$ cat run28.txt   # compact mmCIF, C-alpha atoms and all ligand atoms
# COMPACT_ATOMS: atom_id res chain seq x y z
CA MET A 699 31.53 30.88 -19.24
CA LYS A 700 34.13 28.19 -18.65
CA ASN A 701 35.85 29.86 -15.78
CA ILE A 702 37.67 27.23 -13.75
CA LEU A 703 39.74 27.61 -10.60
CA VAL A 704 41.99 24.61 -9.97
CA ILE A 705 43.61 24.46 -6.53
CA GLY A 706 46.14 21.69 -6.07
CA SER A 707 49.53 20.09 -6.45
CA SER A 708 52.34 20.47 -8.95
CA ASN A 709 54.93 17.72 -9.26
CA ILE A 710 57.83 16.76 -11.41
CA ASP A 711 57.22 13.16 -12.46
CA LEU A 712 60.32 10.98 -12.69
CA ILE A 713 59.20 7.96 -14.68
CA ALA A 714 60.77 4.54 -15.20
CA GLN A 715 59.09 2.35 -17.81
CA VAL A 716 59.61 -1.30 -16.92
CA GLU A 717 58.48 -4.61 -18.40
CA ARG A 718 57.11 -5.60 -14.98
CA PHE A 719 57.17 -4.11 -11.49
CA PRO A 720 60.11 -5.27 -9.30
CA GLN A 721 59.49 -7.35 -6.19
CA PRO A 722 60.56 -5.88 -2.81
CA GLY A 723 64.37 -6.04 -2.68
CA GLU A 724 64.70 -6.64 -6.44
CA THR A 725 66.41 -4.26 -8.90
CA ILE A 726 65.31 -4.01 -12.52
CA GLY A 727 68.20 -2.66 -14.56
CA ASN A 728 66.80 -1.87 -18.00
CA ALA A 729 64.11 0.73 -17.26
CA ILE A 730 63.52 3.64 -19.64
CA TYR A 731 63.66 6.99 -17.86
CA SER A 732 61.68 10.17 -18.56
CA LYS A 733 61.11 13.40 -16.65
CA MET A 734 57.71 15.02 -17.17
CA PHE A 735 55.30 17.53 -15.64
CA GLY A 736 52.74 16.07 -13.25
CA GLY A 737 50.86 16.49 -9.99
CA LYS A 738 47.12 15.92 -9.79
CA GLY A 739 46.30 19.63 -9.56
CA ALA A 740 48.56 20.61 -12.45
CA ASN A 741 47.32 17.70 -14.57
CA GLN A 742 43.72 18.79 -14.02
CA ALA A 743 44.54 22.42 -14.79
CA VAL A 744 46.24 21.39 -18.05
CA ALA A 745 43.33 19.11 -18.97
CA ALA A 746 40.85 21.93 -18.35
CA VAL A 747 42.75 24.53 -20.37
CA ARG A 748 43.31 22.14 -23.29
CA ALA A 749 39.59 21.34 -23.30
CA GLY A 750 38.81 25.04 -23.71
CA GLY A 751 38.51 26.33 -20.13
CA GLU A 752 39.72 29.68 -18.80
CA VAL A 753 41.91 28.30 -16.04
CA THR A 754 43.42 29.89 -12.96
CA PHE A 755 45.70 27.51 -11.09
CA VAL A 756 46.62 28.03 -7.44
CA THR A 757 49.60 25.89 -6.52
CA SER A 758 52.79 25.91 -4.49
CA VAL A 759 56.22 25.17 -5.94
CA GLY A 760 59.60 25.03 -4.22
CA ASP A 761 62.66 27.27 -4.48
CA ASP A 762 64.60 24.83 -6.68
CA GLY A 763 65.24 24.68 -10.43
CA TYR A 764 62.00 22.80 -11.09
CA ALA A 765 59.95 25.85 -10.05
CA SER A 766 60.95 27.99 -13.02
CA GLU A 767 60.39 25.06 -15.42
CA LEU A 768 56.89 24.61 -14.03
CA LYS A 769 56.02 28.31 -14.19
CA GLU A 770 57.18 28.50 -17.81
CA HIS A 771 55.21 25.38 -18.64
CA PHE A 772 51.96 26.67 -17.10
CA LYS A 773 52.30 30.00 -18.87
CA SER A 774 52.97 28.35 -22.22
CA ASN A 775 49.81 26.30 -21.75
CA GLY A 776 47.76 29.49 -21.21
CA ILE A 777 47.10 28.91 -17.51
CA ASN A 778 46.80 31.92 -15.20
CA ILE A 779 49.33 31.44 -12.38
CA LYS A 780 48.94 34.83 -10.69
CA TYR A 781 48.32 33.02 -7.38
CA LEU A 782 51.14 30.49 -7.66
CA ARG A 783 53.25 30.47 -4.51
CA GLN A 784 56.97 29.81 -4.34
CA ALA A 785 57.77 28.36 -0.90
CA ASP A 786 61.15 29.16 0.69
CA ASN A 787 63.61 26.44 1.75
CA CYS A 788 61.46 23.77 0.24
CA PRO A 789 61.72 21.43 -2.76
CA THR A 790 59.09 21.23 -5.48
CA GLY A 791 56.87 18.13 -5.26
CA VAL A 792 58.29 15.07 -6.96
CA ALA A 793 56.54 11.83 -7.97
CA LEU A 794 58.51 8.64 -8.59
CA ILE A 795 56.50 6.58 -11.05
CA LEU A 796 56.96 3.07 -12.39
CA VAL A 797 54.92 2.18 -15.47
CA ASP A 798 54.73 -1.47 -16.58
CA ALA A 799 54.13 -2.98 -20.01
CA ALA A 800 50.36 -3.08 -19.40
CA GLY A 801 50.31 0.67 -18.72
CA GLU A 802 49.64 0.25 -14.98
CA ASN A 803 51.56 2.45 -12.58
CA ILE A 804 52.95 2.57 -9.05
CA ILE A 805 53.53 6.08 -7.66
CA ALA A 806 55.29 7.49 -4.59
CA VAL A 807 54.95 11.24 -4.07
CA ALA A 808 57.27 13.48 -2.02
CA PRO A 809 54.92 16.48 -1.60
CA GLY A 810 57.54 19.17 -0.88
CA ALA A 811 55.98 22.60 -1.43
CA ASN A 812 52.53 21.13 -2.06
CA ALA A 813 52.24 20.61 1.70
CA LYS A 814 52.58 24.40 2.12
CA LEU A 815 49.58 25.37 0.02
CA THR A 816 47.27 27.26 2.38
CA ALA A 817 43.81 28.69 1.77
CA ASN A 818 44.94 32.29 2.35
CA LEU A 819 46.65 32.20 -1.07
CA VAL A 820 43.18 32.31 -2.59
CA GLU A 821 41.39 35.68 -2.56
CA GLU A 822 37.70 35.50 -1.75
CA THR A 823 36.90 37.56 -4.87
CA LEU A 824 38.48 34.80 -6.94
CA ILE A 825 36.24 32.21 -5.35
CA GLU A 826 33.21 34.40 -5.85
CA SER A 827 33.93 35.11 -9.51
CA THR A 828 34.69 31.58 -10.71
CA ASP A 829 32.16 29.09 -12.14
CA ILE A 830 33.63 25.99 -10.60
CA ILE A 831 36.47 25.10 -8.25
CA LEU A 832 38.31 21.83 -8.81
CA MET A 833 40.38 20.29 -6.00
CA GLN A 834 42.16 17.03 -5.19
CA MET A 835 43.95 15.69 -2.10
CA GLU A 836 47.66 16.25 -2.74
CA ILE A 837 47.50 19.49 -0.73
CA PRO A 838 46.60 19.82 2.97
CA TYR A 839 43.11 18.63 3.86
CA GLN A 840 42.52 21.82 5.84
CA THR A 841 43.12 23.90 2.70
CA VAL A 842 40.59 21.92 0.69
CA ARG A 843 38.09 22.24 3.52
CA GLU A 844 38.49 26.00 3.98
CA ILE A 845 38.17 26.65 0.26
CA ALA A 846 35.09 24.44 0.00
CA LEU A 847 33.41 26.29 2.87
CA LEU A 848 34.16 29.64 1.21
CA ALA A 849 32.82 28.34 -2.09
CA LYS A 850 29.58 27.41 -0.38
CA LYS A 851 29.33 30.93 1.08
CA TYR A 852 29.61 32.40 -2.45
CA ASN A 853 27.49 29.73 -4.12
CA THR A 854 30.39 28.65 -6.32
CA LYS A 855 30.30 25.05 -7.50
CA VAL A 856 32.88 22.64 -6.09
CA MET A 857 34.16 19.53 -7.85
CA LEU A 858 36.23 17.37 -5.52
CA ASN A 859 38.42 14.49 -6.67
CA PRO A 860 39.56 12.94 -3.37
CA ALA A 861 42.77 11.44 -4.73
CA PRO A 862 44.82 10.08 -3.08
CA ALA A 863 41.86 8.58 -1.26
CA ARG A 864 41.04 9.60 2.28
CA VAL A 865 38.06 9.78 4.58
CA LEU A 866 36.06 13.03 4.19
CA ASP A 867 34.12 14.76 6.92
CA GLU A 868 30.45 15.62 6.44
CA GLU A 869 30.93 19.39 6.65
CA LEU A 870 33.25 19.19 3.65
CA MET A 871 31.00 16.73 1.83
CA ASP A 872 28.11 19.14 2.30
CA CYS A 873 30.01 21.78 0.25
CA VAL A 874 30.69 19.42 -2.65
CA ASP A 875 28.56 19.62 -5.80
CA TYR A 876 30.37 16.94 -7.81
CA LEU A 877 32.34 14.19 -6.11
CA VAL A 878 34.46 12.34 -8.68
CA VAL A 879 35.87 9.06 -7.35
CA ASN A 880 37.29 5.83 -8.66
CA GLU A 881 36.27 2.48 -7.20
CA SER A 882 38.79 2.37 -4.33
CA GLU A 883 38.13 6.01 -3.38
CA ALA A 884 34.38 5.30 -3.38
CA ASN A 885 34.88 2.29 -1.13
CA LEU A 886 37.06 4.19 1.34
CA ILE A 887 34.82 7.25 1.53
CA SER A 888 31.54 5.35 1.78
CA GLY A 889 32.92 2.68 4.12
CA LEU A 890 31.19 0.16 1.83
CA ASP A 891 32.37 -2.02 -1.02
CA ILE A 892 31.18 -1.71 -4.62
CA GLU A 893 31.69 -5.41 -5.37
CA ARG A 894 29.82 -6.53 -2.28
CA ASP A 895 27.20 -3.79 -1.91
CA GLY A 896 26.71 -2.64 -5.51
CA LEU A 897 27.30 0.71 -7.19
CA GLU A 898 23.96 2.23 -6.34
CA VAL A 899 24.21 1.58 -2.59
CA VAL A 900 27.74 2.99 -2.44
CA ALA A 901 26.78 6.07 -4.48
CA ARG A 902 23.66 6.64 -2.35
CA LYS A 903 25.75 6.52 0.81
CA MET A 904 28.09 9.25 -0.51
CA LEU A 905 25.09 11.33 -1.60
CA GLU A 906 23.68 11.03 1.92
CA MET A 907 27.03 12.26 3.26
CA GLY A 908 26.32 15.57 1.50
CA SER A 909 27.69 15.73 -2.06
CA LYS A 910 24.97 16.74 -4.57
CA MET A 911 26.19 14.44 -7.33
CA ILE A 912 28.48 11.42 -7.35
CA ILE A 913 30.45 10.35 -10.42
CA ILE A 914 32.24 7.01 -10.05
CA THR A 915 34.84 6.21 -12.70
CA LEU A 916 35.21 2.48 -13.38
CA GLY A 917 38.05 2.27 -15.93
CA LYS A 918 37.07 0.03 -18.85
CA ASP A 919 33.58 -0.33 -17.33
CA GLY A 920 32.84 3.36 -17.87
CA SER A 921 31.38 5.77 -15.32
CA TYR A 922 28.33 5.91 -13.12
CA ILE A 923 26.46 9.15 -12.40
CA TYR A 924 24.27 9.30 -9.34
CA SER A 925 22.14 12.11 -7.90
CA ASP A 926 18.61 12.49 -6.56
CA GLU A 927 17.38 13.01 -10.13
CA LEU A 928 19.71 10.81 -12.17
CA ARG A 929 21.17 7.30 -12.10
CA LYS A 930 23.10 6.58 -15.25
CA GLY A 931 25.98 4.49 -16.55
CA VAL A 932 28.16 5.94 -19.31
CA LYS A 933 30.25 3.52 -21.39
CA SER A 934 33.98 3.95 -21.79
CA TYR A 935 36.11 3.77 -24.94
CA THR A 936 38.34 0.79 -25.63
CA VAL A 937 41.97 1.73 -26.26
CA THR A 938 45.36 0.08 -25.98
CA ALA A 939 46.90 1.31 -22.74
CA VAL A 940 50.46 2.65 -22.71
CA ASP A 941 50.29 4.56 -19.41
CA SER A 942 47.22 5.14 -17.25
CA THR A 943 48.91 7.96 -15.25
CA ALA A 944 46.64 11.03 -15.09
CA ALA A 945 43.64 9.39 -16.79
CA GLY A 946 41.54 10.35 -13.75
CA ASP A 947 43.00 13.87 -13.74
CA THR A 948 42.22 14.30 -17.42
CA PHE A 949 38.66 13.13 -16.75
CA CYS A 950 38.18 15.68 -13.94
CA GLY A 951 39.67 18.67 -15.78
CA VAL A 952 37.64 18.02 -18.91
CA LEU A 953 34.47 17.31 -16.92
CA ALA A 954 34.80 20.66 -15.13
CA VAL A 955 34.94 22.41 -18.51
CA GLY A 956 31.87 20.53 -19.75
CA ILE A 957 29.86 21.38 -16.65
CA SER A 958 30.91 25.02 -16.51
CA GLY A 959 30.07 25.32 -20.21
CA GLY A 960 26.50 24.30 -19.38
CA ASN A 961 26.60 20.85 -20.98
CA GLU A 962 24.18 18.19 -19.82
CA ILE A 963 26.02 15.97 -17.29
CA THR A 964 25.84 12.74 -19.33
CA GLU A 965 27.36 14.52 -22.34
CA ALA A 966 30.02 16.13 -20.14
CA VAL A 967 30.93 12.72 -18.68
CA ARG A 968 31.06 11.15 -22.15
CA PHE A 969 33.42 13.90 -23.36
CA ALA A 970 35.60 13.50 -20.25
CA SER A 971 35.72 9.71 -20.74
CA ALA A 972 36.92 10.16 -24.30
CA ALA A 973 39.66 12.54 -23.10
CA ALA A 974 40.73 10.06 -20.40
CA ALA A 975 40.81 7.23 -22.96
CA ILE A 976 43.09 9.25 -25.24
CA SER A 977 45.37 10.06 -22.30
CA VAL A 978 46.12 6.39 -21.56
CA THR A 979 47.39 5.79 -25.09
CA LYS A 980 50.48 7.96 -24.43
CA LEU A 981 53.26 8.04 -21.85
CA GLY A 982 53.27 10.67 -19.13
CA ALA A 983 50.74 12.79 -17.30
CA GLN A 984 50.47 16.14 -19.06
CA ASP A 985 52.11 15.02 -22.30
CA SER A 986 49.18 12.69 -22.84
CA ILE A 987 46.35 15.18 -22.22
CA PRO A 988 44.43 15.99 -25.43
CA LEU A 989 43.11 19.26 -26.90
CA ALA A 990 39.34 19.76 -27.36
CA GLU A 991 39.60 19.13 -31.12
CA ASP A 992 41.44 15.82 -30.51
CA ILE A 993 38.65 14.72 -28.18
CA GLU A 994 36.00 15.67 -30.73
CA SER A 995 37.65 13.74 -33.54
CA PHE A 996 38.24 10.74 -31.25
CA ILE A 997 34.53 10.64 -30.42
CA GLU A 998 33.69 10.97 -34.10
CA LYS A 999 35.94 8.02 -34.95
CA ASN A 1000 34.87 5.88 -32.01
CA HIS A 1001 31.17 6.58 -32.10
CA ARG A 1002 29.52 4.68 -29.28
CA VAL A 1003 26.09 4.51 -27.79
CA VAL A 1004 25.93 5.97 -24.28
CA SER A 1005 24.02 3.59 -22.06
O1 LIG B 1101 47.41 11.41 -10.95
C1 LIG B 1101 48.69 11.29 -11.50
C2 LIG B 1101 49.67 12.12 -10.75
O2 LIG B 1101 49.81 11.60 -9.46
C3 LIG B 1101 51.07 12.12 -11.32
O3 LIG B 1101 51.28 13.10 -12.30
C4 LIG B 1101 51.95 12.28 -10.10
O4 LIG B 1101 52.57 13.52 -10.02
C5 LIG B 1101 51.04 12.03 -8.92
O5 LIG B 1101 50.77 13.18 -8.25
$ encode --input "run28.txt" --output "structure tokens"
Amino acid sequence: MKNILVIGSSNIDLIAQVERFPQPGETIGNAIYSKMFGGKGANQAVAAVRAGGEVTFVTSVGDDGYASELKEHFKSNGINIKYLRQADNCPTGVALILVDAAGENIIAVAPGANAKLTANLVEETLIESTDIILMQMEIPYQTVREIALLAKKYNTKVMLNPAPARVLDEELMDCVDYLVVNESEANLISGLDIERDGLEVVARKMLEMGSKMIIITLGKDGSYIYSDELRKGVKSYTVTAVDSTAAGDTFCGVLAVGISGGNEITEAVRFASAAAAISVTKLGAQDSIPLAEDIESFIEKNHRVVS
């Protein structure tokens, strides 16, 4: 079983590659433009399906020309979009992204139809019959909360990637089985600081808030897994970065497949880290997300010891 329900955003990413980011008030005139598919929810759905998951994606698109492009794209990737909603009088979500020569990005999102994604789009039978639900924070908080509470009722696992970062209430945290956060998300949610307080203290605080397992992604420093039974660092892979957009999304989608496939968590995190590493070597969100066989051969070529 690798039955994954992704509930989240779809965006069109309008990308400008620049040598360096402009200062406020400055114009950089020689950027290279691309238009690609993005949105944290969609990126995670694509990552999960390419890693071998059976993916249903619940999302909300607008009533503009981008909507049909997105629907076609999801279908051609083998994603079930039976529950996709097309909102009236509303644009599809758009992300304006600058990527610099080091592969770092700056993103501004206009959520459009993503802000209209409500929990009633999701049938309870769907929640009951899925192995794991994967959500992020580019849709209304209330939607994430309602779905998480329903998942708890049906004993369905919830993986939450609270990106963009925001404070989470304890009732929601109590429904979360896997909380996947980067350093700044961990700091905001815990109210602590990894540099000052240390990884273990920050992870423990989030565990005490209710999530059953915490996975902190640390970029080139790997990942840290923390639960009542396990405290473990997993090394990352060294690659030359072209664009880090969607590395975290790739990690989450692939991790959900590993967990729902019954893999041991350290192995699942290692596989997800390899997928995320591959994704930063290419431009764009979904264009950079690898297939399962690409991840396997990357691991083979870059054999590393997991700490
Ligand atoms: O996480 C990367 C994504 O964030 C981009 O694809 C963009 O759409 C923004 O939502």
$ residues_around --input "run28.txt" --residues "Ala800 in chain A" --least-positions-apart "3" --cutoff "12 Å" --atoms "all atoms listed in the file" --output "MDAnalysis selection string"
chainID A and resid 715:719 796:797 803 937:943 978:979 981
$ residues_near_ligand --input "run28.txt" --ligand "ligand LIG 1101 (chain B)" --cutoff "10 Å" --atoms "only C-alpha atoms and all ligand atoms" --output "number ranges by chain"
A: 706-713, 734-742, 791-795, 803-809, 834-836, 861-862, 942-948, 982-984
$ residues_around --input "run28.txt" --residues "range 902-907 of chain A" --least-positions-apart "3" --cutoff "8 Å" --atoms "all atoms listed in the file" --output "PyMOL selection string"
chain A and resi 868+871-872+884+887-888+898-899+910-912+924-925
$ residues_near_point --input "run28.txt" --point "(33.9, 11.3, -21.7)" --cutoff "10 Å" --atoms "all atoms listed in the file" --output "PyMOL selection string"
chain A and resi 920-921+932-935+948-950+952-953+956+964-975+993+997+1004
$ atom_distance --input "run28.txt" --atom1 "CA of Leu890 in chain A" --atom2 "CA of Ala846 in chain A"
24.7 Å
$ atom_distance --input "run28.txt" --atom1 "CA of Gly801 in chain A" --atom2 "CA of Asp891 in chain A"
25.3 Å
$ atom_distance --input "run28.txt" --atom1 "CA of Asn853 in chain A" --atom2 "CA of Glu821 in chain A"
15.2 Å
$ residues_around --input "run28.txt" --residues "Glu893 in chain A" --least-positions-apart "6" --cutoff "12 Å" --atoms "only C-alpha atoms" --output "list in words"
Glu881, Ser882, Ala884, Asn885, Val899, Val900 and Leu916 of chain A
$ closest_residue --input "run28.txt" --among "A:Gly763, A:Ile923, A:Leu848, A:Ile777" --to "Glu962 in chain A" --atoms "only C-alpha atoms"
A:Ile923
$ residues_around --input "run28.txt" --residues "Thr816 in chain A" --least-positions-apart "5" --cutoff "10 Å" --atoms "all atoms listed in the file" --output "list in words"
Val756, Thr757, Ser758, Arg783, Ile837, Pro838, Tyr839, Gln840, Thr841, Val842, Glu844 and Ile845 of chain A
$ closest_residue --input "run28.txt" --among "A:Gly760, A:Leu832, A:Glu883, A:Ala799" --to "Ala811 in chain A" --atoms "all atoms listed in the file"
A:Gly760
$ closest_residue --input "run28.txt" --among "A:Ala714, A:Gly751, A:Leu877, A:Gly889" --to "Asn728 in chain A" --atoms "all atoms listed in the file"
A:Ala714
$ closest_residue --input "run28.txt" --among "A:Leu989, A:Thr854, A:Val865, A:Ala765" --to "Asp786 in chain A" --atoms "only C-alpha atoms"
A:Ala765
$ decode --input "run28.txt" --residues "range 747-767 of chain A" --atoms "N, CA and C atoms" --output "PDB file, in the first residue's frame"
ATOM      1  N   VAL A 747       4.032  10.736  -6.452  1.00  0.00           N
ATOM      2  CA  VAL A 747       3.670   9.842  -7.561  1.00  0.00           C
ATOM      3  C   VAL A 747       4.927   9.376  -8.298  1.00  0.00           C
ATOM      4  N   ARG A 748       5.909  10.262  -8.445  1.00  0.00           N
ATOM      5  CA  ARG A 748       7.145   9.848  -9.150  1.00  0.00           C
ATOM      6  C   ARG A 748       7.948   8.847  -8.328  1.00  0.00           C
ATOM      7  N   ALA A 749       7.755   8.887  -7.004  1.00  0.00           N
ATOM      8  CA  ALA A 749       8.477   7.925  -6.149  1.00  0.00           C
ATOM      9  C   ALA A 749       7.727   6.599  -6.038  1.00  0.00           C
ATOM     10  N   GLY A 750       6.584   6.499  -6.709  1.00  0.00           N
ATOM     11  CA  GLY A 750       5.876   5.212  -6.734  1.00  0.00           C
ATOM     12  C   GLY A 750       4.600   5.176  -5.920  1.00  0.00           C
ATOM     13  N   GLY A 751       4.125   6.330  -5.437  1.00  0.00           N
ATOM     14  CA  GLY A 751       2.876   6.344  -4.667  1.00  0.00           C
ATOM     15  C   GLY A 751       1.644   6.354  -5.563  1.00  0.00           C
ATOM     16  N   GLU A 752       0.534   5.893  -4.982  1.00  0.00           N
ATOM     17  CA  GLU A 752      -0.796   6.044  -5.617  1.00  0.00           C
ATOM     18  C   GLU A 752      -1.343   7.328  -5.044  1.00  0.00           C
ATOM     19  N   VAL A 753      -1.390   8.386  -5.829  1.00  0.00           N
ATOM     20  CA  VAL A 753      -1.650   9.710  -5.248  1.00  0.00           C
ATOM     21  C   VAL A 753      -2.984  10.297  -5.683  1.00  0.00           C
ATOM     22  N   THR A 754      -3.759  10.714  -4.676  1.00  0.00           N
ATOM     23  CA  THR A 754      -4.944  11.536  -4.922  1.00  0.00           C
ATOM     24  C   THR A 754      -4.607  12.936  -4.427  1.00  0.00           C
ATOM     25  N   PHE A 755      -4.872  13.923  -5.273  1.00  0.00           N
ATOM     26  CA  PHE A 755      -4.514  15.299  -4.918  1.00  0.00           C
ATOM     27  C   PHE A 755      -5.773  16.150  -4.856  1.00  0.00           C
ATOM     28  N   VAL A 756      -6.032  16.721  -3.691  1.00  0.00           N
ATOM     29  CA  VAL A 756      -7.162  17.639  -3.528  1.00  0.00           C
ATOM     30  C   VAL A 756      -6.598  19.053  -3.560  1.00  0.00           C
ATOM     31  N   THR A 757      -7.053  19.843  -4.515  1.00  0.00           N
ATOM     32  CA  THR A 757      -6.512  21.183  -4.681  1.00  0.00           C
ATOM     33  C   THR A 757      -7.571  22.091  -5.284  1.00  0.00           C
ATOM     34  N   SER A 758      -7.301  23.366  -5.316  1.00  0.00           N
ATOM     35  CA  SER A 758      -8.261  24.318  -5.872  1.00  0.00           C
ATOM     36  C   SER A 758      -7.545  25.215  -6.879  1.00  0.00           C
ATOM     37  N   VAL A 759      -8.066  25.216  -8.101  1.00  0.00           N
ATOM     38  CA  VAL A 759      -7.481  26.064  -9.144  1.00  0.00           C
ATOM     39  C   VAL A 759      -8.501  27.135  -9.529  1.00  0.00           C
ATOM     40  N   GLY A 760      -8.067  28.130 -10.271  1.00  0.00           N
ATOM     41  CA  GLY A 760      -8.961  29.232 -10.625  1.00  0.00           C
ATOM     42  C   GLY A 760      -9.756  28.941 -11.893  1.00  0.00           C
ATOM     43  N   ASP A 761     -10.409  29.987 -12.420  1.00  0.00           N
ATOM     44  CA  ASP A 761     -11.180  29.801 -13.653  1.00  0.00           C
ATOM     45  C   ASP A 761     -10.473  30.489 -14.824  1.00  0.00           C
ATOM     46  N   ASP A 762      -9.138  30.491 -14.767  1.00  0.00           N
ATOM     47  CA  ASP A 762      -8.338  31.104 -15.838  1.00  0.00           C
ATOM     48  C   ASP A 762      -7.678  30.012 -16.698  1.00  0.00           C
ATOM     49  N   GLY A 763      -6.859  30.423 -17.631  1.00  0.00           N
ATOM     50  CA  GLY A 763      -6.217  29.484 -18.552  1.00  0.00           C
ATOM     51  C   GLY A 763      -5.242  28.536 -17.863  1.00  0.00           C
ATOM     52  N   TYR A 764      -4.699  28.957 -16.735  1.00  0.00           N
ATOM     53  CA  TYR A 764      -3.736  28.086 -16.035  1.00  0.00           C
ATOM     54  C   TYR A 764      -4.399  26.804 -15.530  1.00  0.00           C
ATOM     55  N   ALA A 765      -5.707  26.885 -15.226  1.00  0.00           N
ATOM     56  CA  ALA A 765      -6.396  25.742 -14.626  1.00  0.00           C
ATOM     57  C   ALA A 765      -6.337  24.516 -15.540  1.00  0.00           C
ATOM     58  N   SER A 766      -6.618  24.722 -16.822  1.00  0.00           N
ATOM     59  CA  SER A 766      -6.618  23.554 -17.722  1.00  0.00           C
ATOM     60  C   SER A 766      -5.200  23.018 -17.902  1.00  0.00           C
ATOM     61  N   GLU A 767      -4.211  23.905 -17.912  1.00  0.00           N
ATOM     62  CA  GLU A 767      -2.806  23.435 -18.007  1.00  0.00           C
ATOM     63  C   GLU A 767      -2.463  22.553 -16.812  1.00  0.00           C
TER      64      GLU A 767
END
